[in-house]
file start_3.cif (mmCIF, C-alpha atoms)
data_start
loop_
_atom_site.group_PDB
_atom_site.id
_atom_site.type_symbol
_atom_site.label_atom_id
_atom_site.label_comp_id
_atom_site.auth_asym_id
_atom_site.auth_seq_id
_atom_site.Cartn_x
_atom_site.Cartn_y
_atom_site.Cartn_z
ATOM 1 C CA MET A 1 8.292 -12.336 -9.156
ATOM 2 C CA THR A 2 7.016 -15.775 -8.108
ATOM 3 C CA PRO A 3 7.697 -17.857 -5.000
ATOM 4 C CA VAL A 4 9.341 -21.274 -5.147
ATOM 5 C CA SER A 5 7.391 -23.417 -7.618
ATOM 6 C CA SER A 6 7.459 -26.517 -5.404
ATOM 7 C CA LYS A 7 5.264 -24.700 -2.877
ATOM 8 C CA LEU A 8 2.464 -23.885 -5.310
ATOM 9 C CA TYR A 9 -0.686 -25.745 -6.222
ATOM 10 C CA THR A 10 -0.445 -24.597 -9.830
ATOM 11 C CA ASP A 11 0.708 -21.435 -11.559
ATOM 12 C CA ASP A 12 -2.783 -19.958 -11.844
ATOM 13 C CA VAL A 13 -3.962 -20.399 -8.239
ATOM 14 C CA SER A 14 -4.023 -17.062 -6.422
ATOM 15 C CA LEU A 15 -4.414 -15.749 -2.896
ATOM 16 C CA LEU A 16 -5.782 -12.239 -3.386
ATOM 17 C CA MET A 17 -5.635 -9.842 -0.454
ATOM 18 C CA VAL A 18 -8.010 -6.946 -1.212
ATOM 19 C CA LEU A 19 -7.629 -3.750 0.843
ATOM 20 C CA ILE A 20 -10.790 -1.631 0.638
ATOM 21 C CA ASP A 21 -10.646 2.035 1.590
ATOM 22 C CA THR A 22 -13.670 2.747 3.802
ATOM 23 C CA ASN A 23 -12.653 6.250 4.900
ATOM 24 C CA PRO A 24 -16.022 8.077 5.267
ATOM 25 C CA PHE A 25 -14.393 11.484 4.738
ATOM 26 C CA PHE A 26 -13.123 10.415 1.325
ATOM 27 C CA TRP A 27 -16.382 8.819 0.193
ATOM 28 C CA ASN A 28 -18.361 11.875 1.229
ATOM 29 C CA SER A 29 -16.103 14.002 -0.957
ATOM 30 C CA VAL A 30 -16.608 11.829 -4.079
ATOM 31 C CA LYS A 31 -20.206 10.667 -3.590
ATOM 32 C CA SER A 32 -21.328 12.673 -6.636
ATOM 33 C CA THR A 33 -18.797 10.837 -8.829
ATOM 34 C CA LEU A 34 -18.802 7.354 -7.299
ATOM 35 C CA ALA A 35 -21.108 6.304 -4.489
ATOM 36 C CA PHE A 36 -19.786 3.834 -1.934
ATOM 37 C CA SER A 37 -22.670 1.435 -2.652
ATOM 38 C CA THR A 38 -21.799 1.429 -6.363
ATOM 39 C CA PHE A 39 -18.145 0.879 -5.550
ATOM 40 C CA LEU A 40 -19.021 -2.011 -3.260
ATOM 41 C CA SER A 41 -21.220 -3.705 -5.864
ATOM 42 C CA ASN A 42 -18.374 -3.558 -8.396
ATOM 43 C CA VAL A 43 -15.965 -5.022 -5.856
ATOM 44 C CA LEU A 44 -18.355 -7.889 -5.033
ATOM 45 C CA ALA A 45 -18.703 -8.745 -8.721
ATOM 46 C CA PHE A 46 -14.927 -8.680 -9.058
ATOM 47 C CA LEU A 47 -14.432 -10.984 -6.061
ATOM 48 C CA ASN A 48 -16.973 -13.455 -7.471
ATOM 49 C CA SER A 49 -15.117 -13.481 -10.789
ATOM 50 C CA ILE A 50 -11.853 -14.290 -9.002
ATOM 51 C CA LEU A 51 -13.444 -17.233 -7.220
ATOM 52 C CA LEU A 52 -15.012 -18.459 -10.469
ATOM 53 C CA LEU A 53 -11.720 -18.467 -12.359
ATOM 54 C CA ASN A 54 -10.364 -21.291 -10.220
ATOM 55 C CA GLN A 55 -11.997 -23.239 -7.433
ATOM 56 C CA LEU A 56 -8.726 -23.152 -5.477
ATOM 57 C CA ASN A 57 -8.483 -19.364 -5.532
ATOM 58 C CA GLN A 58 -8.766 -17.625 -2.183
ATOM 59 C CA VAL A 59 -9.883 -14.062 -1.472
ATOM 60 C CA VAL A 60 -9.394 -12.129 1.768
ATOM 61 C CA VAL A 61 -10.819 -8.623 2.221
ATOM 62 C CA ILE A 62 -9.410 -6.118 4.711
ATOM 63 C CA ALA A 63 -11.204 -2.854 5.460
ATOM 64 C CA THR A 64 -8.933 0.191 5.670
ATOM 65 C CA GLY A 65 -10.642 2.757 7.832
ATOM 66 C CA TYR A 66 -9.748 6.158 9.191
ATOM 67 C CA ASN A 67 -9.067 4.917 12.727
ATOM 68 C CA SER A 68 -8.682 1.137 12.419
ATOM 69 C CA CYS A 69 -8.368 -1.882 10.113
ATOM 70 C CA ASP A 70 -9.985 -5.307 10.257
ATOM 71 C CA TYR A 71 -10.588 -8.531 8.326
ATOM 72 C CA ILE A 72 -14.131 -8.598 6.968
ATOM 73 C CA PHE A 73 -14.125 -11.532 4.531
ATOM 74 C CA ASP A 74 -12.257 -14.801 3.982
ATOM 75 C CA SER A 75 -13.365 -17.146 1.210
ATOM 76 C CA SER A 76 -11.717 -20.119 2.941
ATOM 77 C CA ASP A 77 -14.521 -20.181 5.513
ATOM 78 C CA SER A 78 -16.865 -23.086 4.894
ATOM 79 C CA GLN A 79 -20.064 -21.242 4.029
ATOM 80 C CA SER A 80 -22.338 -20.941 1.045
ATOM 81 C CA GLN A 81 -21.902 -18.088 -1.416
ATOM 82 C CA THR A 82 -25.031 -16.298 -0.214
ATOM 83 C CA GLN A 83 -23.996 -16.537 3.420
ATOM 84 C CA ARG A 84 -20.527 -15.259 2.526
ATOM 85 C CA VAL A 85 -21.855 -12.112 0.894
ATOM 86 C CA GLU A 86 -24.319 -11.433 3.700
ATOM 87 C CA GLN A 87 -21.647 -11.960 6.325
ATOM 88 C CA MET A 88 -19.225 -9.683 4.498
ATOM 89 C CA LEU A 89 -21.759 -6.865 4.197
ATOM 90 C CA GLN A 90 -22.713 -7.241 7.842
ATOM 91 C CA LYS A 91 -19.093 -7.163 9.014
ATOM 92 C CA LEU A 92 -18.380 -4.204 6.760
ATOM 93 C CA GLU A 93 -21.322 -2.270 8.193
ATOM 94 C CA GLU A 94 -20.228 -3.064 11.736
ATOM 95 C CA PHE A 95 -16.664 -2.031 10.952
ATOM 96 C CA VAL A 96 -17.711 1.299 9.420
ATOM 97 C CA ASP A 97 -19.883 2.103 12.442
ATOM 98 C CA LYS A 98 -17.095 1.173 14.848
ATOM 99 C CA ASP A 99 -14.472 3.096 12.893
ATOM 100 C CA GLU A 100 -16.692 6.166 12.746
ATOM 101 C CA SER A 101 -17.430 6.020 16.475
ATOM 102 C CA LEU A 102 -13.704 5.998 17.256
ATOM 103 C CA GLY A 103 -13.185 9.318 15.479
ATOM 104 C CA ARG A 104 -16.312 11.259 16.418
ATOM 105 C CA GLU A 105 -14.400 13.467 18.825
ATOM 106 C CA ASP A 106 -11.845 14.444 16.174
ATOM 107 C CA SER A 107 -12.688 17.188 13.702
ATOM 108 C CA VAL A 108 -11.253 16.489 10.260
ATOM 109 C CA ASP A 109 -10.952 19.016 7.446
ATOM 110 C CA GLY A 110 -10.945 17.401 4.014
ATOM 111 C CA PRO A 111 -10.912 13.698 3.194
ATOM 112 C CA GLY A 112 -8.417 12.731 5.907
ATOM 113 C CA PHE A 113 -6.018 9.803 5.774
ATOM 114 C CA SER A 114 -6.701 6.074 5.855
ATOM 115 C CA LEU A 115 -4.562 3.560 7.754
ATOM 116 C CA LEU A 116 -2.866 2.125 4.682
ATOM 117 C CA SER A 117 0.147 1.029 6.698
ATOM 118 C CA GLY A 118 -2.044 -0.969 9.076
ATOM 119 C CA SER A 119 -3.939 -2.809 6.346
ATOM 120 C CA LEU A 120 -0.697 -3.634 4.495
ATOM 121 C CA SER A 121 0.781 -5.039 7.697
ATOM 122 C CA MET A 122 -2.306 -7.173 8.313
ATOM 123 C CA ALA A 123 -2.207 -8.494 4.743
ATOM 124 C CA LEU A 124 1.466 -9.432 5.034
ATOM 125 C CA CYS A 125 0.862 -11.144 8.376
ATOM 126 C CA TYR A 126 -1.918 -13.234 6.828
ATOM 127 C CA ILE A 127 0.329 -14.159 3.898
ATOM 128 C CA GLN A 128 3.149 -15.202 6.209
ATOM 129 C CA ARG A 129 0.707 -17.392 8.117
ATOM 130 C CA VAL A 130 -0.262 -19.043 4.818
ATOM 131 C CA PHE A 131 3.409 -19.595 3.967
ATOM 132 C CA ARG A 132 3.897 -21.428 7.262
ATOM 133 C CA SER A 133 0.690 -23.477 7.058
ATOM 134 C CA GLY A 134 2.102 -26.205 4.835
ATOM 135 C CA PRO A 135 4.175 -27.080 1.782
ATOM 136 C CA LEU A 136 1.406 -26.057 -0.665
ATOM 137 C CA HIS A 137 -0.059 -22.581 -1.003
ATOM 138 C CA PRO A 138 -1.407 -20.323 -3.747
ATOM 139 C CA GLN A 139 0.483 -17.373 -5.172
ATOM 140 C CA PRO A 140 -0.211 -14.364 -2.913
ATOM 141 C CA ARG A 141 -0.712 -10.813 -4.131
ATOM 142 C CA ILE A 142 -2.166 -7.647 -2.629
ATOM 143 C CA LEU A 143 -4.671 -5.319 -4.297
ATOM 144 C CA CYS A 144 -5.129 -1.851 -2.782
ATOM 145 C CA LEU A 145 -8.415 -0.141 -3.687
ATOM 146 C CA HIS A 146 -7.434 3.212 -2.257
ATOM 147 C CA GLY A 147 -8.802 6.713 -2.600
ATOM 148 C CA SER A 148 -7.665 8.748 0.407
ATOM 149 C CA PRO A 149 -4.545 10.920 0.124
ATOM 150 C CA ASP A 150 -1.250 9.664 1.481
ATOM 151 C CA GLY A 151 -0.689 10.162 5.195
ATOM 152 C CA PRO A 152 2.845 11.585 5.634
ATOM 153 C CA GLY A 153 3.004 10.220 9.154
ATOM 154 C CA GLN A 154 2.709 6.668 7.816
ATOM 155 C CA TYR A 155 5.707 6.951 5.483
ATOM 156 C CA VAL A 156 8.086 4.787 7.528
ATOM 157 C CA ALA A 157 5.502 2.077 8.236
ATOM 158 C CA VAL A 158 4.359 1.966 4.603
ATOM 159 C CA MET A 159 7.924 1.699 3.288
ATOM 160 C CA ASN A 160 8.687 -1.086 5.762
ATOM 161 C CA SER A 161 5.634 -2.972 4.502
ATOM 162 C CA ILE A 162 6.713 -2.425 0.895
ATOM 163 C CA PHE A 163 10.198 -3.812 1.516
ATOM 164 C CA SER A 164 8.727 -6.755 3.449
ATOM 165 C CA ALA A 165 6.463 -7.542 0.510
ATOM 166 C CA GLN A 166 9.413 -7.285 -1.869
ATOM 167 C CA ARG A 167 11.455 -9.688 0.233
ATOM 168 C CA SER A 168 8.537 -12.139 0.378
ATOM 169 C CA MET A 169 8.049 -11.742 -3.407
ATOM 170 C CA VAL A 170 4.471 -10.509 -2.959
ATOM 171 C CA PRO A 171 3.372 -7.996 -5.640
ATOM 172 C CA ILE A 172 1.262 -5.027 -4.549
ATOM 173 C CA ASP A 173 -1.302 -3.930 -7.136
ATOM 174 C CA SER A 174 -2.805 -0.464 -6.771
ATOM 175 C CA CYS A 175 -6.086 0.964 -8.037
ATOM 176 C CA VAL A 176 -6.264 4.640 -7.044
ATOM 177 C CA LEU A 177 -9.772 6.096 -6.921
ATOM 178 C CA GLY A 178 -8.950 9.577 -5.674
ATOM 179 C CA ALA A 179 -8.349 12.730 -7.670
ATOM 180 C CA GLN A 180 -4.586 12.647 -7.153
ATOM 181 C CA HIS A 181 -1.976 9.962 -7.623
ATOM 182 C CA SER A 182 -0.641 8.146 -4.583
ATOM 183 C CA ALA A 183 3.143 8.358 -4.187
ATOM 184 C CA PHE A 184 3.043 5.537 -1.622
ATOM 185 C CA LEU A 185 1.243 3.138 -3.938
ATOM 186 C CA GLN A 186 3.322 4.166 -6.939
ATOM 187 C CA GLN A 187 6.441 3.132 -5.053
ATOM 188 C CA ALA A 188 4.751 -0.008 -3.706
ATOM 189 C CA SER A 189 3.760 -1.264 -7.155
ATOM 190 C CA TYR A 190 7.086 -0.315 -8.723
ATOM 191 C CA ILE A 191 9.276 -1.903 -6.045
ATOM 192 C CA THR A 192 7.269 -5.134 -5.712
ATOM 193 C CA GLY A 193 6.548 -5.585 -9.436
ATOM 194 C CA GLY A 194 2.806 -4.954 -9.207
ATOM 195 C CA VAL A 195 0.437 -2.966 -11.406
ATOM 196 C CA TYR A 196 -0.459 0.654 -10.693
ATOM 197 C CA LEU A 197 -3.611 2.063 -12.273
ATOM 198 C CA LYS A 198 -5.662 5.207 -11.829
ATOM 199 C CA PRO A 199 -8.944 4.660 -13.747
ATOM 200 C CA GLN A 200 -10.001 7.562 -15.917
ATOM 201 C CA LEU A 201 -13.702 6.652 -15.736
ATOM 202 C CA LEU A 202 -14.938 5.371 -12.391
ATOM 203 C CA ASP A 203 -18.215 4.291 -13.998
ATOM 204 C CA GLY A 204 -16.339 1.395 -15.576
ATOM 205 C CA LEU A 205 -14.574 0.301 -12.399
ATOM 206 C CA PHE A 206 -15.547 -3.354 -12.775
ATOM 207 C CA GLN A 207 -14.096 -3.460 -16.296
ATOM 208 C CA TYR A 208 -10.800 -2.109 -14.994
ATOM 209 C CA LEU A 209 -10.733 -4.631 -12.165
ATOM 210 C CA ALA A 210 -11.678 -7.597 -14.348
ATOM 211 C CA THR A 211 -9.293 -6.876 -17.219
ATOM 212 C CA VAL A 212 -6.253 -5.688 -15.262
ATOM 213 C CA PHE A 213 -6.293 -7.060 -11.724
ATOM 214 C CA ALA A 214 -8.059 -10.396 -12.226
ATOM 215 C CA THR A 215 -5.097 -11.899 -14.076
ATOM 216 C CA ASP A 216 -2.865 -14.227 -12.097
ATOM 217 C CA LEU A 217 0.889 -13.740 -11.910
ATOM 218 C CA HIS A 218 1.641 -16.471 -14.450
ATOM 219 C CA SER A 219 -0.684 -14.981 -17.078
ATOM 220 C CA ARG A 220 0.765 -11.498 -16.685
ATOM 221 C CA ALA A 221 3.889 -12.579 -18.533
ATOM 222 C CA PHE A 222 1.816 -12.858 -21.720
ATOM 223 C CA LEU A 223 -0.199 -9.633 -21.342
ATOM 224 C CA GLN A 224 0.513 -5.958 -21.896
ATOM 225 C CA LEU A 225 -0.652 -4.446 -18.628
ATOM 226 C CA PRO A 226 -0.680 -0.671 -18.045
ATOM 227 C CA LYS A 227 2.491 0.905 -16.739
ATOM 228 C CA PRO A 228 2.672 4.193 -14.802
ATOM 229 C CA ALA A 229 4.061 7.161 -16.707
ATOM 230 C CA GLY A 230 6.222 8.189 -13.759
ATOM 231 C CA VAL A 231 6.879 7.257 -10.145
ATOM 232 C CA ASP A 232 7.275 9.798 -7.358
ATOM 233 C CA PHE A 233 10.241 8.583 -5.295
ATOM 234 C CA ARG A 234 10.333 11.571 -2.964
ATOM 235 C CA ALA A 235 10.572 10.753 0.729
ATOM 236 C CA SER A 236 8.901 12.313 3.760
ATOM 237 C CA CYS A 237 10.969 13.903 6.500
ATOM 238 C CA PHE A 238 10.820 12.381 9.963
ATOM 239 C CA CYS A 239 10.520 15.721 11.724
ATOM 240 C CA HIS A 240 7.537 17.378 10.034
ATOM 241 C CA LYS A 241 6.215 14.482 7.869
ATOM 242 C CA ASN A 242 6.439 16.624 4.729
ATOM 243 C CA THR A 243 7.449 15.427 1.278
ATOM 244 C CA ILE A 244 10.861 16.858 0.435
ATOM 245 C CA ASP A 245 13.175 16.965 -2.570
ATOM 246 C CA MET A 246 16.418 17.445 -0.603
ATOM 247 C CA GLY A 247 17.231 16.955 3.042
ATOM 248 C CA TYR A 248 19.598 15.621 5.702
ATOM 249 C CA ILE A 249 20.090 11.908 6.394
ATOM 250 C CA CYS A 250 21.326 10.355 9.618
ATOM 251 C CA SER A 251 24.381 8.222 8.829
ATOM 252 C CA VAL A 252 23.482 5.743 11.595
ATOM 253 C CA CYS A 253 19.779 4.919 11.089
ATOM 254 C CA LEU A 254 19.139 6.661 7.722
ATOM 255 C CA SER A 255 16.409 8.905 9.122
ATOM 256 C CA ILE A 256 15.517 11.848 6.877
ATOM 257 C CA PHE A 257 15.169 15.447 8.061
ATOM 258 C CA CYS A 258 14.229 18.563 6.128
ATOM 259 C CA LYS A 259 16.474 20.802 8.290
ATOM 260 C CA HIS A 260 19.757 20.308 10.096
ATOM 261 C CA GLN A 261 19.221 18.773 13.530
ATOM 262 C CA LYS A 262 21.545 18.718 16.517
ATOM 263 C CA LYS A 263 20.407 15.219 17.469
ATOM 264 C CA CYS A 264 18.662 12.415 15.616
ATOM 265 C CA SER A 265 15.160 11.937 16.989
ATOM 266 C CA THR A 266 15.167 8.280 15.935
ATOM 267 C CA CYS A 267 18.439 6.798 17.194
ATOM 268 C CA GLY A 268 19.760 9.647 19.363
ATOM 269 C CA SER A 269 23.002 10.195 17.431
ATOM 270 C CA VAL A 270 24.562 13.642 17.923
ATOM 271 C CA PHE A 271 25.276 15.495 14.688
ATOM 272 C CA GLY A 272 28.297 17.723 14.236
ATOM 273 C CA GLN A 273 28.175 21.231 12.866
ATOM 274 C CA ALA A 274 28.635 21.680 9.148
ATOM 275 C CA GLN A 275 32.199 22.798 8.462
ATOM 276 C CA THR A 276 32.901 25.636 6.079
ATOM 277 C CA GLN A 277 35.676 25.623 3.526
ATOM 278 C CA ASP A 278 37.714 28.191 5.447
ATOM 279 C CA SER A 279 37.638 26.269 8.712
ATOM 280 C CA SER A 280 38.535 22.998 7.022
ATOM 281 C CA THR A 281 41.654 24.480 5.379
ATOM 282 C CA PRO A 282 44.712 24.198 7.661
ATOM 283 C CA ASP A 283 46.703 27.336 8.592
ATOM 284 C CA ARG A 284 49.745 26.738 6.437
ATOM 285 C CA LYS A 285 51.235 28.266 3.379
ATOM 286 C CA ARG A 286 49.755 26.771 0.252
ATOM 287 C CA LYS A 287 52.148 25.425 -2.293
ATOM 288 C CA THR A 288 52.131 27.262 -5.609
ATOM 289 C CA PRO A 289 53.745 26.279 -8.872
ATOM 290 C CA LEU A 290 56.418 28.934 -8.256
ATOM 291 C CA ASP A 291 57.511 27.214 -5.028
ATOM 292 C CA ALA A 292 58.103 23.895 -6.753
#

call {"tool": "encode", "arguments": {"input": "start_3.cif", "output": "C-alpha cells"}}
result
Amino acid sequence: MTPVSSKLYTDDVSLLMVLIDTNPFFWNSVKSTLAFSTFLSNVLAFLNSILLLNQLNQVVVIATGYNSCDYIFDSSDSQSQTQRVEQMLQKLEEFVDKDESLGREDSVDGPGFSLLSGSLSMALCYIQRVFRSGPLHPQPRILCLHGSPDGPGQYVAVMNSIFSAQRSMVPIDSCVLGAQHSAFLQQASYITGGVYLKPQLLDGLFQYLATVFATDLHSRAFLQLPKPAGVDFRASCFCHKNTIDMGYICSVCLSIFCKHQKKCSTCGSVFGQAQTQDSSTPDRKRKTPLDA
C-alpha cells in the first residue's frame, strides 16, 4: 500500500491530511461527553507530535462542516509554530461562523450530516497536486476524525472518493467519535488498507491518536494495529438514499434502486417488465420421458 519508492524522500516521511468534523449539531449532542475545545486540544497535540517525529513531515487540516468544507492549516507555510497555531484557530473560528451562517435558515432535527464527501475530495485534490509537484514527495494518507452520522445522499460521492484513493494508493484512516459506527468509513478504511477505530473512552483521545494513527505506513508493517470486527458493505439506493440489503441494479450504469423502476434516473435506460415463469415458457408440448 505504498507509492513508487523512487518518488519518496524516505519511508518514514508522511503527508497527513486530517479531516476534522466541525458539525455544530453533532458537537452540541455530545458536549457532555467530549467538548469541542477538549477535542481540539487533543488534535493540536497530535499534530505537533506528527511534526516532531520527522522534520520533513507535512500536515494539512481540512474542516468538514455541515454546509461547506475548507482548508484551515498547512504546515508547509513558512511561519513559526506559534503563528501556525494561532492562524489555525483563527481560520477554524472563521470557518465555523461562516458554516453556521449558511445553515441558519434550515431547521435540523438531530446531529445532521457533515460533508464528508467534500472534504475527501479536497484531500485527494491536494494529494494529486503534491504528486505532480515534483519527483520527490512524502507518503500521503488521510485521517478522518468524524462523529456525525453518514449522509445517505453522499453515498455515490463518498464511494467515488474511496475508489480514487484506492487507485492512488492513499490509505484512509478513520477515528469515529459518534455513538454509532460509520459504514462509509468502515468501507473506506477496508478498501484502501487504512485503520478504522472507534475509541471506547473519548477522555483518552490523544492516546488513541498517538499510538494508532501517528505511525507511518512503513512502520505499520511491524505493528499490530486494531482491526474492525466487521464491515458494513450495504449500499444506499439512488432513489430514496436508504441503506438496503437487496435491490435492483441498472445493467448500464450500475445504479442501485430499492424498488423496480420503469426508467433509470441516472442514465435514462428503460427497464423491461419482469417476466414470469409462465410467460417465458413457449406454447408447445413439453417432452416427457414417455415420448422419447

call {"tool": "residues_around", "arguments": {"input": "start_3.cif", "residues": "A:Leu15", "least_positions_apart": "6", "cutoff": "8 Å", "atoms": "all atoms listed in the file", "output": "count of residues only"}}
result
8

call {"tool": "atom_distance", "arguments": {"input": "start_3.cif", "atom1": "atom CA of A:Cys267", "atom2": "atom CA of A:Gln187"}}
result
25.5 Å

call {"tool": "atom_distance", "arguments": {"input": "start_3.cif", "atom1": "atom CA of A:Asn28", "atom2": "atom CA of A:Gly204"}}
result
19.9 Å

call {"tool": "resolve_selection", "arguments": {"input": "start_3.cif", "expression": "the PyMOL selection byres ((chain A and resi 168) around 10)", "output": "number ranges by chain"}}
result
A: 1-3, 124, 127-128, 131, 140, 162-167, 169-171, 192

call {"tool": "write_last_selection", "arguments": {"input": "start_3.cif", "atoms": "C-alpha atoms", "output": "PDB file, in the coordinates of the input"}}
result
ATOM      1  CA  MET A   1       8.292 -12.336  -9.156  1.00  0.00           C
ATOM      2  CA  THR A   2       7.016 -15.775  -8.108  1.00  0.00           C
ATOM      3  CA  PRO A   3       7.697 -17.857  -5.000  1.00  0.00           C
ATOM      4  CA  LEU A 124       1.466  -9.432   5.034  1.00  0.00           C
ATOM      5  CA  ILE A 127       0.329 -14.159   3.898  1.00  0.00           C
ATOM      6  CA  GLN A 128       3.149 -15.202   6.209  1.00  0.00           C
ATOM      7  CA  PHE A 131       3.409 -19.595   3.967  1.00  0.00           C
ATOM      8  CA  PRO A 140      -0.211 -14.364  -2.913  1.00  0.00           C
ATOM      9  CA  ILE A 162       6.713  -2.425   0.895  1.00  0.00           C
ATOM     10  CA  PHE A 163      10.198  -3.812   1.516  1.00  0.00           C
ATOM     11  CA  SER A 164       8.727  -6.755   3.449  1.00  0.00           C
ATOM     12  CA  ALA A 165       6.463  -7.542   0.510  1.00  0.00           C
ATOM     13  CA  GLN A 166       9.413  -7.285  -1.869  1.00  0.00           C
ATOM     14  CA  ARG A 167      11.455  -9.688   0.233  1.00  0.00           C
ATOM     15  CA  MET A 169       8.049 -11.742  -3.407  1.00  0.00           C
ATOM     16  CA  VAL A 170       4.471 -10.509  -2.959  1.00  0.00           C
ATOM     17  CA  PRO A 171       3.372  -7.996  -5.640  1.00  0.00           C
ATOM     18  CA  THR A 192       7.269  -5.134  -5.712  1.00  0.00           C
TER      19      THR A 192
END

call {"tool": "axis_aligned_box", "arguments": {"input": "start_3.cif", "around": "stretch 215-222 of chain A", "padding_each_side": "6 Å", "output": "AutoDock Vina command-line options"}}
result
--center_x -0.6 --center_y -14.0 --center_z -16.8 --size_x 21.0 --size_y 17.0 --size_z 21.8

call {"tool": "atom_distance", "arguments": {"input": "start_3.cif", "atom1": "atom CA of A:Glu100", "atom2": "atom CA of A:Asn67"}}
result
7.7 Å

call {"tool": "residues_around", "arguments": {"input": "start_3.cif", "residues": "A:Arg220", "least_positions_apart": "4", "cutoff": "12 Å", "atoms": "all atoms listed in the file", "output": "PyMOL selection string"}}
result
chain A and resi 1-2+11-12+171+193-195+211-216+224-226

call {"tool": "resolve_selection", "arguments": {"input": "start_3.cif", "expression": "the PyMOL selection byres ((chain A and resi 45) around 12)", "output": "list in words"}}
result
Thr38, Phe39, Leu40, Ser41, Asn42, Val43, Leu44, Phe46, Leu47, Asn48, Ser49, Ile50, Leu51, Leu52, Val85, Leu205, Phe206, Gln207, Leu209, Ala210 and Ala214 of chain A

call {"tool": "write_last_selection", "arguments": {"input": "start_3.cif", "atoms": "C-alpha atoms", "output": "PDB file, in the coordinates of the input"}}
result
ATOM      1  CA  THR A  38     -21.799   1.429  -6.363  1.00  0.00           C
ATOM      2  CA  PHE A  39     -18.145   0.879  -5.550  1.00  0.00           C
ATOM      3  CA  LEU A  40     -19.021  -2.011  -3.260  1.00  0.00           C
ATOM      4  CA  SER A  41     -21.220  -3.705  -5.864  1.00  0.00           C
ATOM      5  CA  ASN A  42     -18.374  -3.558  -8.396  1.00  0.00           C
ATOM      6  CA  VAL A  43     -15.965  -5.022  -5.856  1.00  0.00           C
ATOM      7  CA  LEU A  44     -18.355  -7.889  -5.033  1.00  0.00           C
ATOM      8  CA  PHE A  46     -14.927  -8.680  -9.058  1.00  0.00           C
ATOM      9  CA  LEU A  47     -14.432 -10.984  -6.061  1.00  0.00           C
ATOM     10  CA  ASN A  48     -16.973 -13.455  -7.471  1.00  0.00           C
ATOM     11  CA  SER A  49     -15.117 -13.481 -10.789  1.00  0.00           C
ATOM     12  CA  ILE A  50     -11.853 -14.290  -9.002  1.00  0.00           C
ATOM     13  CA  LEU A  51     -13.444 -17.233  -7.220  1.00  0.00           C
ATOM     14  CA  LEU A  52     -15.012 -18.459 -10.469  1.00  0.00           C
ATOM     15  CA  VAL A  85     -21.855 -12.112   0.894  1.00  0.00           C
ATOM     16  CA  LEU A 205     -14.574   0.301 -12.399  1.00  0.00           C
ATOM     17  CA  PHE A 206     -15.547  -3.354 -12.775  1.00  0.00           C
ATOM     18  CA  GLN A 207     -14.096  -3.460 -16.296  1.00  0.00           C
ATOM     19  CA  LEU A 209     -10.733  -4.631 -12.165  1.00  0.00           C
ATOM     20  CA  ALA A 210     -11.678  -7.597 -14.348  1.00  0.00           C
ATOM     21  CA  ALA A 214      -8.059 -10.396 -12.226  1.00  0.00           C
TER      22      ALA A 214
END

call {"tool": "residues_around", "arguments": {"input": "start_3.cif", "residues": "A:Cys69", "least_positions_apart": "6", "cutoff": "9 Å", "atoms": "all atoms listed in the file", "output": "PyMOL selection string"}}
result
chain A and resi 62-63+95+99+115-116+118-119+122

call {"tool": "residues_around", "arguments": {"input": "start_3.cif", "residues": "A:Tyr248", "least_positions_apart": "5", "cutoff": "9 Å", "atoms": "only C-alpha atoms", "output": "list in words"}}
result
Cys237, Ser255, Ile256, Phe257, Cys258, Lys259, His260 and Gln261 of chain A

call {"tool": "write_last_selection", "arguments": {"input": "start_3.cif", "atoms": "C-alpha atoms", "output": "short mmCIF file (atom, residue, chain, number, x, y, z; two decimals), keeping the file's coordinate frame"}}
result
data_model
loop_
_atom_site.label_atom_id
_atom_site.label_comp_id
_atom_site.auth_asym_id
_atom_site.auth_seq_id
_atom_site.Cartn_x
_atom_site.Cartn_y
_atom_site.Cartn_z
CA CYS A 237 10.97 13.90 6.50
CA SER A 255 16.41 8.90 9.12
CA ILE A 256 15.52 11.85 6.88
CA PHE A 257 15.17 15.45 8.06
CA CYS A 258 14.23 18.56 6.13
CA LYS A 259 16.47 20.80 8.29
CA HIS A 260 19.76 20.31 10.10
CA GLN A 261 19.22 18.77 13.53
#

call {"tool": "closest_residue", "arguments": {"input": "start_3.cif", "among": "A:Ala179, A:Ser174, A:Leu197, A:Gly151", "to": "A:Lys227", "atoms": "only C-alpha atoms"}}
result
A:Leu197

call {"tool": "closest_residue", "arguments": {"input": "start_3.cif", "among": "A:Leu34, A:Ala235, A:Val18, A:Val252", "to": "A:Val270", "atoms": "all atoms listed in the file"}}
result
A:Val252

call {"tool": "closest_residue", "arguments": {"input": "start_3.cif", "among": "A:Ser182, A:Cys144, A:Gln200, A:Ala123", "to": "A:Ser161", "atoms": "all atoms listed in the file"}}
result
A:Ala123

call {"tool": "residues_near_point", "arguments": {"input": "start_3.cif", "point": "(-20.6, -12.4, 3.8)", "cutoff": "12 Å", "atoms": "all atoms listed in the file", "output": "list in words"}}
result
Leu44, Leu47, Asn48, Val60, Val61, Tyr71, Ile72, Phe73, Asp74, Ser75, Ser76, Asp77, Ser78, Gln79, Ser80, Gln81, Thr82, Gln83, Arg84, Val85, Glu86, Gln87, Met88, Leu89, Gln90, Lys91, Leu92 and Glu93 of chain A

call {"tool": "resolve_selection", "arguments": {"input": "start_3.cif", "expression": "the PyMOL selection byres ((chain A and resi 113) around 10)", "output": "ChimeraX atom specification"}}
result
/A:21,23,25-26,65-67,108,110-112,114-116,147-154

call {"tool": "closest_residue", "arguments": {"input": "start_3.cif", "among": "A:Phe184, A:Leu143, A:Leu177, A:Ser265", "to": "A:Ala35", "atoms": "only C-alpha atoms"}}
result
A:Leu177
